Structure formats: structure tokens, C-alpha cells
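A.B. asks: Got a structure for you, my_file.cif, holding mmCIF, N, CA, C and O atoms.
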data_protein
loop_
_atom_site.group_PDB
_atom_site.id
_atom_site.type_symbol
_atom_site.label_atom_id
_atom_site.label_comp_id
_atom_site.auth_asym_id
_atom_site.auth_seq_id
_atom_site.Cartn_x
_atom_site.Cartn_y
_atom_site.Cartn_z
ATOM 1 N N MET A 1 80.423 -101.731 -27.487
ATOM 2 C CA MET A 1 81.122 -101.038 -28.550
ATOM 3 C C MET A 1 80.814 -99.540 -28.470
ATOM 4 O O MET A 1 79.679 -99.149 -28.289
ATOM 5 N N ILE A 2 81.840 -98.728 -28.615
ATOM 6 C CA ILE A 2 81.703 -97.278 -28.536
ATOM 7 C C ILE A 2 81.298 -96.737 -29.903
ATOM 8 O O ILE A 2 81.891 -97.084 -30.920
ATOM 9 N N SER A 3 80.315 -95.845 -29.901
ATOM 10 C CA SER A 3 79.869 -95.235 -31.150
ATOM 11 C C SER A 3 80.926 -94.254 -31.659
ATOM 12 O O SER A 3 81.781 -93.784 -30.895
ATOM 13 N N ASP A 4 80.851 -93.934 -32.928
ATOM 14 C CA ASP A 4 81.784 -92.966 -33.510
ATOM 15 C C ASP A 4 81.640 -91.596 -32.850
ATOM 16 O O ASP A 4 82.626 -90.897 -32.629
ATOM 17 N N LYS A 5 80.400 -91.224 -32.520
ATOM 18 C CA LYS A 5 80.168 -89.937 -31.867
ATOM 19 C C LYS A 5 80.837 -89.895 -30.493
ATOM 20 O O LYS A 5 81.487 -88.916 -30.139
ATOM 21 N N ALA A 6 80.699 -90.965 -29.732
ATOM 22 C CA ALA A 6 81.334 -91.030 -28.411
ATOM 23 C C ALA A 6 82.847 -91.010 -28.544
ATOM 24 O O ALA A 6 83.537 -90.340 -27.769
ATOM 25 N N LYS A 7 83.367 -91.721 -29.525
ATOM 26 C CA LYS A 7 84.810 -91.749 -29.755
ATOM 27 C C LYS A 7 85.327 -90.350 -30.105
ATOM 28 O O LYS A 7 86.372 -89.921 -29.606
ATOM 29 N N ASP A 8 84.585 -89.612 -30.932
ATOM 30 C CA ASP A 8 84.968 -88.247 -31.292
ATOM 31 C C ASP A 8 85.006 -87.344 -30.063
ATOM 32 O O ASP A 8 85.929 -86.538 -29.902
ATOM 33 N N ARG A 9 84.012 -87.488 -29.196
ATOM 34 C CA ARG A 9 83.979 -86.668 -27.971
ATOM 35 C C ARG A 9 85.164 -86.985 -27.068
ATOM 36 O O ARG A 9 85.800 -86.081 -26.534
ATOM 37 N N ILE A 10 85.448 -88.254 -26.885
ATOM 38 C CA ILE A 10 86.569 -88.659 -26.038
ATOM 39 C C ILE A 10 87.867 -88.087 -26.583
ATOM 40 O O ILE A 10 88.668 -87.513 -25.834
ATOM 41 N N GLU A 11 88.081 -88.206 -27.875
ATOM 42 C CA GLU A 11 89.292 -87.677 -28.494
ATOM 43 C C GLU A 11 89.382 -86.165 -28.311
ATOM 44 O O GLU A 11 90.457 -85.618 -28.047
ATOM 45 N N TYR A 12 88.262 -85.479 -28.431
ATOM 46 C CA TYR A 12 88.254 -84.029 -28.245
ATOM 47 C C TYR A 12 88.584 -83.663 -26.799
ATOM 48 O O TYR A 12 89.375 -82.747 -26.553
ATOM 49 N N PHE A 13 87.991 -84.364 -25.836
ATOM 50 C CA PHE A 13 88.276 -84.080 -24.426
ATOM 51 C C PHE A 13 89.753 -84.303 -24.114
ATOM 52 O O PHE A 13 90.375 -83.497 -23.424
ATOM 53 N N VAL A 14 90.313 -85.388 -24.617
ATOM 54 C CA VAL A 14 91.739 -85.679 -24.406
ATOM 55 C C VAL A 14 92.590 -84.569 -25.018
ATOM 56 O O VAL A 14 93.547 -84.084 -24.401
ATOM 57 N N ALA A 15 92.238 -84.141 -26.224
ATOM 58 C CA ALA A 15 92.986 -83.068 -26.885
ATOM 59 C C ALA A 15 92.878 -81.764 -26.098
ATOM 60 O O ALA A 15 93.868 -81.032 -25.959
ATOM 61 N N CYS A 16 91.702 -81.469 -25.565
ATOM 62 C CA CYS A 16 91.525 -80.246 -24.775
ATOM 63 C C CYS A 16 92.359 -80.283 -23.503
ATOM 64 O O CYS A 16 92.962 -79.269 -23.129
ATOM 65 N N VAL A 17 92.388 -81.410 -22.833
ATOM 66 C CA VAL A 17 93.214 -81.531 -21.624
ATOM 67 C C VAL A 17 94.685 -81.321 -21.982
ATOM 68 O O VAL A 17 95.404 -80.599 -21.283
ATOM 69 N N ALA A 18 95.130 -81.894 -23.090
ATOM 70 C CA ALA A 18 96.521 -81.734 -23.522
ATOM 71 C C ALA A 18 96.821 -80.273 -23.865
ATOM 72 O O ALA A 18 97.873 -79.735 -23.478
ATOM 73 N N GLU A 19 95.919 -79.625 -24.572
ATOM 74 C CA GLU A 19 96.121 -78.216 -24.923
ATOM 75 C C GLU A 19 96.099 -77.326 -23.690
ATOM 76 O O GLU A 19 96.873 -76.375 -23.582
ATOM 77 N N PHE A 20 95.214 -77.618 -22.746
ATOM 78 C CA PHE A 20 95.151 -76.857 -21.503
ATOM 79 C C PHE A 20 96.454 -77.022 -20.733
ATOM 80 O O PHE A 20 96.973 -76.052 -20.174
ATOM 81 N N SER A 21 96.985 -78.229 -20.742
ATOM 82 C CA SER A 21 98.276 -78.492 -20.085
ATOM 83 C C SER A 21 99.360 -77.614 -20.669
ATOM 84 O O SER A 21 100.129 -76.987 -19.934
ATOM 85 N N LYS A 22 99.433 -77.579 -21.996
ATOM 86 C CA LYS A 22 100.450 -76.750 -22.670
ATOM 87 C C LYS A 22 100.245 -75.277 -22.385
ATOM 88 O O LYS A 22 101.196 -74.547 -22.112
ATOM 89 N N ALA A 23 98.997 -74.839 -22.454
ATOM 90 C CA ALA A 23 98.699 -73.413 -22.295
ATOM 91 C C ALA A 23 99.050 -72.897 -20.901
ATOM 92 O O ALA A 23 99.447 -71.738 -20.754
ATOM 93 N N PHE A 24 98.929 -73.744 -19.889
ATOM 94 C CA PHE A 24 99.120 -73.292 -18.516
ATOM 95 C C PHE A 24 100.278 -73.965 -17.795
ATOM 96 O O PHE A 24 100.430 -73.815 -16.582
ATOM 97 N N GLY A 25 101.103 -74.698 -18.529
ATOM 98 C CA GLY A 25 102.301 -75.281 -17.953
ATOM 99 C C GLY A 25 102.044 -76.340 -16.894
ATOM 100 O O GLY A 25 102.785 -76.426 -15.916
ATOM 101 N N LEU A 26 100.993 -77.115 -17.074
ATOM 102 C CA LEU A 26 100.661 -78.180 -16.132
ATOM 103 C C LEU A 26 100.933 -79.531 -16.772
ATOM 104 O O LEU A 26 100.903 -79.656 -17.988
ATOM 105 N N ASP A 27 101.154 -80.552 -15.941
ATOM 106 C CA ASP A 27 101.196 -81.895 -16.515
ATOM 107 C C ASP A 27 99.748 -82.315 -16.777
ATOM 108 O O ASP A 27 98.804 -81.679 -16.296
ATOM 109 N N SER A 28 99.563 -83.347 -17.547
ATOM 110 C CA SER A 28 98.210 -83.720 -17.976
ATOM 111 C C SER A 28 97.313 -84.109 -16.795
ATOM 112 O O SER A 28 96.121 -83.805 -16.804
ATOM 113 N N ARG A 29 97.868 -84.750 -15.791
ATOM 114 C CA ARG A 29 97.064 -85.140 -14.631
ATOM 115 C C ARG A 29 96.559 -83.915 -13.878
ATOM 116 O O ARG A 29 95.392 -83.836 -13.494
ATOM 117 N N ARG A 30 97.438 -82.952 -13.646
ATOM 118 C CA ARG A 30 97.025 -81.720 -12.940
ATOM 119 C C ARG A 30 96.017 -80.934 -13.763
ATOM 120 O O ARG A 30 95.083 -80.347 -13.229
ATOM 121 N N SER A 31 96.210 -80.920 -15.074
ATOM 122 C CA SER A 31 95.274 -80.243 -15.959
ATOM 123 C C SER A 31 93.892 -80.887 -15.869
ATOM 124 O O SER A 31 92.877 -80.203 -15.710
ATOM 125 N N PHE A 32 93.848 -82.222 -15.957
ATOM 126 C CA PHE A 32 92.582 -82.939 -15.850
ATOM 127 C C PHE A 32 91.917 -82.652 -14.507
ATOM 128 O O PHE A 32 90.719 -82.350 -14.445
ATOM 129 N N ASP A 33 92.681 -82.745 -13.424
ATOM 130 C CA ASP A 33 92.130 -82.516 -12.084
ATOM 131 C C ASP A 33 91.576 -81.095 -11.949
ATOM 132 O O ASP A 33 90.510 -80.880 -11.368
ATOM 133 N N TYR A 34 92.305 -80.115 -12.480
ATOM 134 C CA TYR A 34 91.864 -78.721 -12.424
ATOM 135 C C TYR A 34 90.553 -78.550 -13.197
ATOM 136 O O TYR A 34 89.592 -77.962 -12.687
ATOM 137 N N LEU A 35 90.522 -79.072 -14.425
ATOM 138 C CA LEU A 35 89.314 -78.944 -15.239
ATOM 139 C C LEU A 35 88.133 -79.672 -14.612
ATOM 140 O O LEU A 35 86.994 -79.205 -14.701
ATOM 141 N N ASP A 36 88.390 -80.773 -13.956
ATOM 142 C CA ASP A 36 87.335 -81.505 -13.272
ATOM 143 C C ASP A 36 86.838 -80.715 -12.060
ATOM 144 O O ASP A 36 85.639 -80.524 -11.880
ATOM 145 N N LYS A 37 87.750 -80.236 -11.245
ATOM 146 C CA LYS A 37 87.392 -79.519 -10.014
ATOM 147 C C LYS A 37 86.610 -78.239 -10.292
ATOM 148 O O LYS A 37 85.652 -77.924 -9.584
ATOM 149 N N TYR A 38 86.995 -77.504 -11.334
ATOM 150 C CA TYR A 38 86.390 -76.208 -11.606
ATOM 151 C C TYR A 38 85.401 -76.243 -12.776
ATOM 152 O O TYR A 38 85.112 -75.228 -13.390
ATOM 153 N N GLN A 39 84.854 -77.414 -13.045
ATOM 154 C CA GLN A 39 83.746 -77.637 -13.956
ATOM 155 C C GLN A 39 84.039 -77.406 -15.432
ATOM 156 O O GLN A 39 83.126 -77.272 -16.248
ATOM 157 N N GLY A 40 85.313 -77.391 -15.798
ATOM 158 C CA GLY A 40 85.673 -77.268 -17.211
ATOM 159 C C GLY A 40 85.253 -78.490 -18.011
ATOM 160 O O GLY A 40 84.779 -78.354 -19.151
ATOM 161 N N LEU A 41 85.405 -79.678 -17.440
ATOM 162 C CA LEU A 41 85.002 -80.894 -18.149
ATOM 163 C C LEU A 41 83.487 -80.947 -18.313
ATOM 164 O O LEU A 41 82.990 -81.359 -19.376
ATOM 165 N N ASP A 42 82.763 -80.517 -17.297
ATOM 166 C CA ASP A 42 81.298 -80.457 -17.415
ATOM 167 C C ASP A 42 80.898 -79.512 -18.543
ATOM 168 O O ASP A 42 79.987 -79.801 -19.322
ATOM 169 N N PHE A 43 81.584 -78.376 -18.619
ATOM 170 C CA PHE A 43 81.332 -77.409 -19.692
ATOM 171 C C PHE A 43 81.563 -78.046 -21.055
ATOM 172 O O PHE A 43 80.743 -77.898 -21.967
ATOM 173 N N LEU A 44 82.676 -78.767 -21.200
ATOM 174 C CA LEU A 44 82.955 -79.421 -22.486
ATOM 175 C C LEU A 44 81.879 -80.439 -22.844
ATOM 176 O O LEU A 44 81.501 -80.556 -24.020
ATOM 177 N N MET A 45 81.391 -81.158 -21.856
ATOM 178 C CA MET A 45 80.344 -82.143 -22.122
ATOM 179 C C MET A 45 79.054 -81.454 -22.563
ATOM 180 O O MET A 45 78.423 -81.882 -23.529
ATOM 181 N N ARG A 46 78.696 -80.387 -21.878
ATOM 182 C CA ARG A 46 77.447 -79.679 -22.205
ATOM 183 C C ARG A 46 77.532 -78.931 -23.529
ATOM 184 O O ARG A 46 76.543 -78.817 -24.246
ATOM 185 N N CYS A 47 78.703 -78.383 -23.823
ATOM 186 C CA CYS A 47 78.839 -77.479 -24.969
ATOM 187 C C CYS A 47 79.681 -78.058 -26.096
ATOM 188 O O CYS A 47 80.173 -77.314 -26.958
ATOM 189 N N TYR A 48 79.850 -79.356 -26.113
ATOM 190 C CA TYR A 48 80.688 -80.004 -27.121
ATOM 191 C C TYR A 48 80.306 -79.594 -28.538
ATOM 192 O O TYR A 48 81.174 -79.279 -29.350
ATOM 193 N N ASP A 49 79.018 -79.588 -28.850
ATOM 194 C CA ASP A 49 78.584 -79.308 -30.217
ATOM 195 C C ASP A 49 79.100 -77.966 -30.727
ATOM 196 O O ASP A 49 79.455 -77.838 -31.900
ATOM 197 N N ALA A 50 79.174 -76.977 -29.860
ATOM 198 C CA ALA A 50 79.695 -75.667 -30.266
ATOM 199 C C ALA A 50 81.212 -75.600 -30.117
ATOM 200 O O ALA A 50 81.910 -75.116 -31.013
ATOM 201 N N GLU A 51 81.722 -76.080 -28.997
ATOM 202 C CA GLU A 51 83.154 -75.931 -28.701
ATOM 203 C C GLU A 51 84.056 -76.653 -29.697
ATOM 204 O O GLU A 51 85.131 -76.158 -30.012
ATOM 205 N N HIS A 52 83.648 -77.799 -30.184
ATOM 206 C CA HIS A 52 84.546 -78.524 -31.080
ATOM 207 C C HIS A 52 84.646 -77.871 -32.456
ATOM 208 O O HIS A 52 85.456 -78.285 -33.272
ATOM 209 N N THR A 53 83.850 -76.827 -32.682
ATOM 210 C CA THR A 53 83.913 -76.122 -33.969
ATOM 211 C C THR A 53 84.819 -74.890 -33.927
ATOM 212 O O THR A 53 85.053 -74.282 -34.963
ATOM 213 N N VAL A 54 85.301 -74.540 -32.740
ATOM 214 C CA VAL A 54 86.163 -73.356 -32.621
ATOM 215 C C VAL A 54 87.627 -73.787 -32.497
ATOM 216 O O VAL A 54 87.924 -74.940 -32.197
ATOM 217 N N ALA A 55 88.525 -72.857 -32.709
ATOM 218 C CA ALA A 55 89.959 -73.123 -32.575
ATOM 219 C C ALA A 55 90.280 -73.501 -31.127
ATOM 220 O O ALA A 55 89.601 -73.055 -30.192
ATOM 221 N N PHE A 56 91.322 -74.323 -30.958
ATOM 222 C CA PHE A 56 91.713 -74.721 -29.608
ATOM 223 C C PHE A 56 92.037 -73.513 -28.741
ATOM 224 O O PHE A 56 91.732 -73.508 -27.551
ATOM 225 N N ALA A 57 92.639 -72.483 -29.310
ATOM 226 C CA ALA A 57 92.961 -71.289 -28.517
ATOM 227 C C ALA A 57 91.682 -70.683 -27.939
ATOM 228 O O ALA A 57 91.655 -70.264 -26.777
ATOM 229 N N ASP A 58 90.626 -70.637 -28.725
ATOM 230 C CA ASP A 58 89.351 -70.104 -28.236
ATOM 231 C C ASP A 58 88.733 -71.033 -27.203
ATOM 232 O O ASP A 58 88.160 -70.573 -26.210
ATOM 233 N N ALA A 59 88.842 -72.329 -27.427
ATOM 234 C CA ALA A 59 88.321 -73.294 -26.453
ATOM 235 C C ALA A 59 89.063 -73.168 -25.124
ATOM 236 O O ALA A 59 88.449 -73.274 -24.056
ATOM 237 N N MET A 60 90.383 -72.921 -25.176
ATOM 238 C CA MET A 60 91.154 -72.762 -23.937
ATOM 239 C C MET A 60 90.712 -71.510 -23.193
ATOM 240 O O MET A 60 90.598 -71.508 -21.964
ATOM 241 N N THR A 61 90.436 -70.442 -23.929
ATOM 242 C CA THR A 61 89.935 -69.219 -23.307
ATOM 243 C C THR A 61 88.591 -69.473 -22.648
ATOM 244 O O THR A 61 88.342 -69.033 -21.520
ATOM 245 N N ASP A 62 87.713 -70.197 -23.345
ATOM 246 C CA ASP A 62 86.409 -70.531 -22.780
ATOM 247 C C ASP A 62 86.554 -71.369 -21.518
ATOM 248 O O ASP A 62 85.888 -71.114 -20.509
ATOM 249 N N LEU A 63 87.435 -72.364 -21.558
ATOM 250 C CA LEU A 63 87.665 -73.210 -20.380
ATOM 251 C C LEU A 63 88.209 -72.387 -19.218
ATOM 252 O O LEU A 63 87.791 -72.567 -18.071
ATOM 253 N N GLN A 64 89.136 -71.493 -19.513
ATOM 254 C CA GLN A 64 89.699 -70.650 -18.464
ATOM 255 C C GLN A 64 88.606 -69.795 -17.816
ATOM 256 O O GLN A 64 88.542 -69.689 -16.585
ATOM 257 N N LYS A 65 87.728 -69.225 -18.621
ATOM 258 C CA LYS A 65 86.640 -68.395 -18.086
ATOM 259 C C LYS A 65 85.689 -69.212 -17.221
ATOM 260 O O LYS A 65 85.283 -68.768 -16.142
ATOM 261 N N VAL A 66 85.317 -70.396 -17.694
ATOM 262 C CA VAL A 66 84.409 -71.259 -16.930
ATOM 263 C C VAL A 66 85.044 -71.640 -15.601
ATOM 264 O O VAL A 66 84.399 -71.568 -14.539
ATOM 265 N N CYS A 67 86.305 -72.038 -15.637
ATOM 266 C CA CYS A 67 86.984 -72.452 -14.405
ATOM 267 C C CYS A 67 87.122 -71.292 -13.428
ATOM 268 O O CYS A 67 86.929 -71.472 -12.221
ATOM 269 N N ARG A 68 87.441 -70.109 -13.926
ATOM 270 C CA ARG A 68 87.538 -68.939 -13.042
ATOM 271 C C ARG A 68 86.189 -68.632 -12.401
ATOM 272 O O ARG A 68 86.118 -68.271 -11.226
ATOM 273 N N LYS A 69 85.127 -68.786 -13.172
ATOM 274 C CA LYS A 69 83.774 -68.546 -12.646
ATOM 275 C C LYS A 69 83.465 -69.483 -11.495
ATOM 276 O O LYS A 69 82.708 -69.130 -10.594
ATOM 277 N N HIS A 70 84.093 -70.663 -11.498
ATOM 278 C CA HIS A 70 83.835 -71.659 -10.460
ATOM 279 C C HIS A 70 84.975 -71.774 -9.449
ATOM 280 O O HIS A 70 85.127 -72.798 -8.791
ATOM 281 N N GLY A 71 85.803 -70.722 -9.353
ATOM 282 C CA GLY A 71 86.807 -70.673 -8.301
ATOM 283 C C GLY A 71 88.238 -70.965 -8.715
ATOM 284 O O GLY A 71 89.134 -70.900 -7.885
ATOM 285 N N GLY A 72 88.487 -71.279 -9.979
ATOM 286 C CA GLY A 72 89.845 -71.528 -10.453
ATOM 287 C C GLY A 72 90.638 -70.231 -10.562
ATOM 288 O O GLY A 72 90.056 -69.150 -10.639
ATOM 289 N N HIS A 73 91.964 -70.345 -10.575
ATOM 290 C CA HIS A 73 92.799 -69.139 -10.581
ATOM 291 C C HIS A 73 93.757 -69.065 -11.754
ATOM 292 O O HIS A 73 94.626 -68.193 -11.767
ATOM 293 N N LEU A 74 93.650 -69.956 -12.725
ATOM 294 C CA LEU A 74 94.555 -69.892 -13.879
ATOM 295 C C LEU A 74 94.029 -68.906 -14.904
ATOM 296 O O LEU A 74 92.869 -68.691 -15.056
#
Do you think you could lay out the structure here as C-alpha cells?

C.D. replies:
Amino acid sequence: MISDKAKDRIEYFVACVAEFSKAFGLDSRRSFDYLDKYQGLDFLMRCYDAEHTVAFADAMTDLQKVCRKHGGHL
């Protein structure tokens, strides 16, 4: 059985992938792959406690910065 905390994190990650898709014109699969390749998902896992308290627009900016730092170009 999944805890409520784990369920909240999963829902947040899914929402972030969807928002990233919209922000950068990608389909959800490409968005997920990009965030995985350039460590955006790792960032969300490490920084969930802070990131889930900010607006999605700010979270997308943070994800973009992290991914660029690790070789992404969006």
C-alpha cells in the first residue's frame, strides 16, 4: 500500500512533467525523458519539500535551470 506522502509526491511529479510539456511544447513522453536525462526528476526528488510549495511557473524555471546545468538545451 502506498502512503499518502508517496502518493502526493507521485501526483506532483506527474503534474510537473505535464506542466513542463506545456511550457516547452513537448509531448509527455519526451518531457519525461528530457527531465530524466538531464537530472530534473532527480532534482524534484531531492527538493520536493521546497519545490511543491512554489508556483508551477517557478518550478518550471527551476527545472529548466537544473537541466541546462546538466547539458539540456531547453

A.B. asks: Using the chain letters and residue numbers of this document, give as an mmCIF file with N, CA, C and O atoms, keeping the file's coordinate frame the residues selected by the PyMOL selection byres ((chain A and resi 65-72) around 6).

C.D. replies:
data_model
loop_
_atom_site.group_PDB
_atom_site.id
_atom_site.type_symbol
_atom_site.label_atom_id
_atom_site.label_comp_id
_atom_site.auth_asym_id
_atom_site.auth_seq_id
_atom_site.Cartn_x
_atom_site.Cartn_y
_atom_site.Cartn_z
ATOM 1 N N LYS A 37 87.750 -80.236 -11.245
ATOM 2 C CA LYS A 37 87.392 -79.519 -10.014
ATOM 3 C C LYS A 37 86.610 -78.239 -10.292
ATOM 4 O O LYS A 37 85.652 -77.924 -9.584
ATOM 5 N N TYR A 38 86.995 -77.504 -11.334
ATOM 6 C CA TYR A 38 86.390 -76.208 -11.606
ATOM 7 C C TYR A 38 85.401 -76.243 -12.776
ATOM 8 O O TYR A 38 85.112 -75.228 -13.390
ATOM 9 N N GLN A 39 84.854 -77.414 -13.045
ATOM 10 C CA GLN A 39 83.746 -77.637 -13.956
ATOM 11 C C GLN A 39 84.039 -77.406 -15.432
ATOM 12 O O GLN A 39 83.126 -77.272 -16.248
ATOM 13 N N GLY A 40 85.313 -77.391 -15.798
ATOM 14 C CA GLY A 40 85.673 -77.268 -17.211
ATOM 15 C C GLY A 40 85.253 -78.490 -18.011
ATOM 16 O O GLY A 40 84.779 -78.354 -19.151
ATOM 17 N N MET A 60 90.383 -72.921 -25.176
ATOM 18 C CA MET A 60 91.154 -72.762 -23.937
ATOM 19 C C MET A 60 90.712 -71.510 -23.193
ATOM 20 O O MET A 60 90.598 -71.508 -21.964
ATOM 21 N N THR A 61 90.436 -70.442 -23.929
ATOM 22 C CA THR A 61 89.935 -69.219 -23.307
ATOM 23 C C THR A 61 88.591 -69.473 -22.648
ATOM 24 O O THR A 61 88.342 -69.033 -21.520
ATOM 25 N N ASP A 62 87.713 -70.197 -23.345
ATOM 26 C CA ASP A 62 86.409 -70.531 -22.780
ATOM 27 C C ASP A 62 86.554 -71.369 -21.518
ATOM 28 O O ASP A 62 85.888 -71.114 -20.509
ATOM 29 N N LEU A 63 87.435 -72.364 -21.558
ATOM 30 C CA LEU A 63 87.665 -73.210 -20.380
ATOM 31 C C LEU A 63 88.209 -72.387 -19.218
ATOM 32 O O LEU A 63 87.791 -72.567 -18.071
ATOM 33 N N GLN A 64 89.136 -71.493 -19.513
ATOM 34 C CA GLN A 64 89.699 -70.650 -18.464
ATOM 35 C C GLN A 64 88.606 -69.795 -17.816
ATOM 36 O O GLN A 64 88.542 -69.689 -16.585
ATOM 37 N N HIS A 73 91.964 -70.345 -10.575
ATOM 38 C CA HIS A 73 92.799 -69.139 -10.581
ATOM 39 C C HIS A 73 93.757 -69.065 -11.754
ATOM 40 O O HIS A 73 94.626 -68.193 -11.767
ATOM 41 N N LEU A 74 93.650 -69.956 -12.725
ATOM 42 C CA LEU A 74 94.555 -69.892 -13.879
ATOM 43 C C LEU A 74 94.029 -68.906 -14.904
ATOM 44 O O LEU A 74 92.869 -68.691 -15.056
#

A.B. asks: Would you work out the distance separating atom O of Arg9 (chain A) from atom O of Ser21 (chain A), expressed in Å to one decimal?

C.D. replies: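 Atom O of Arg9 (chain A) sits 18.2 Å away from atom O of Ser21 (chain A).
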
A.B. asks: Using DSSP secondary structure from the backbone, list all alpha helix (DSSP H) positions within chain A, as a PyMOL selection string.

C.D. replies: chain A and resi 4-24+28-37+40-51+56-69

A.B. asks: Separation of CA of Ile2 (chain A) and CA of Arg30 (chain A), in Å?

C.D. replies: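 Between these atoms lies a distance of 26.8 Å.
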
A.B. asks: Mind pulling up the distance from atom C of Met1 (chain A) to CA of Phe56 (chain A)?

C.D. replies: 27.1 Å

A.B. asks: Find the residues around Ala50 (chain A) up to 12 Å (only C-alpha atoms counted), leave out those fewer than 6 positions away in its own chain, and share them as JSON, numbers by chain.

C.D. replies: {"A": [43, 44, 58, 59, 62]}

A.B. asks: Which centre and edge lengths in Å to one decimal define the box along x, y and z that fits every listed atom of region 43-60 of chain A plus 3 Å per side, as AutoDock Vina command-line options?

C.D. replies:
--center_x 84.8 --center_y -76.1 --center_z -26.8 --size_x 22.4 --size_y 18.0 --size_z 22.3

A.B. asks: Quick one: residues within 10 Å of Glu19 (chain A), only C-alpha atoms, excluding same-chain residues fewer than 2 positions away - as a list of chain:residue names?

C.D. replies: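 Final neighbour list, sorted by chain and number: A:Phe13, A:Val14, A:Ala15, A:Cys16, A:Val17, A:Ser21, A:Lys22, A:Ala23, A:Phe24, A:Gly25, A:Leu26, A:Ser28, A:Ser31, A:Phe56, A:Ala57, A:Ala59, A:Met60.
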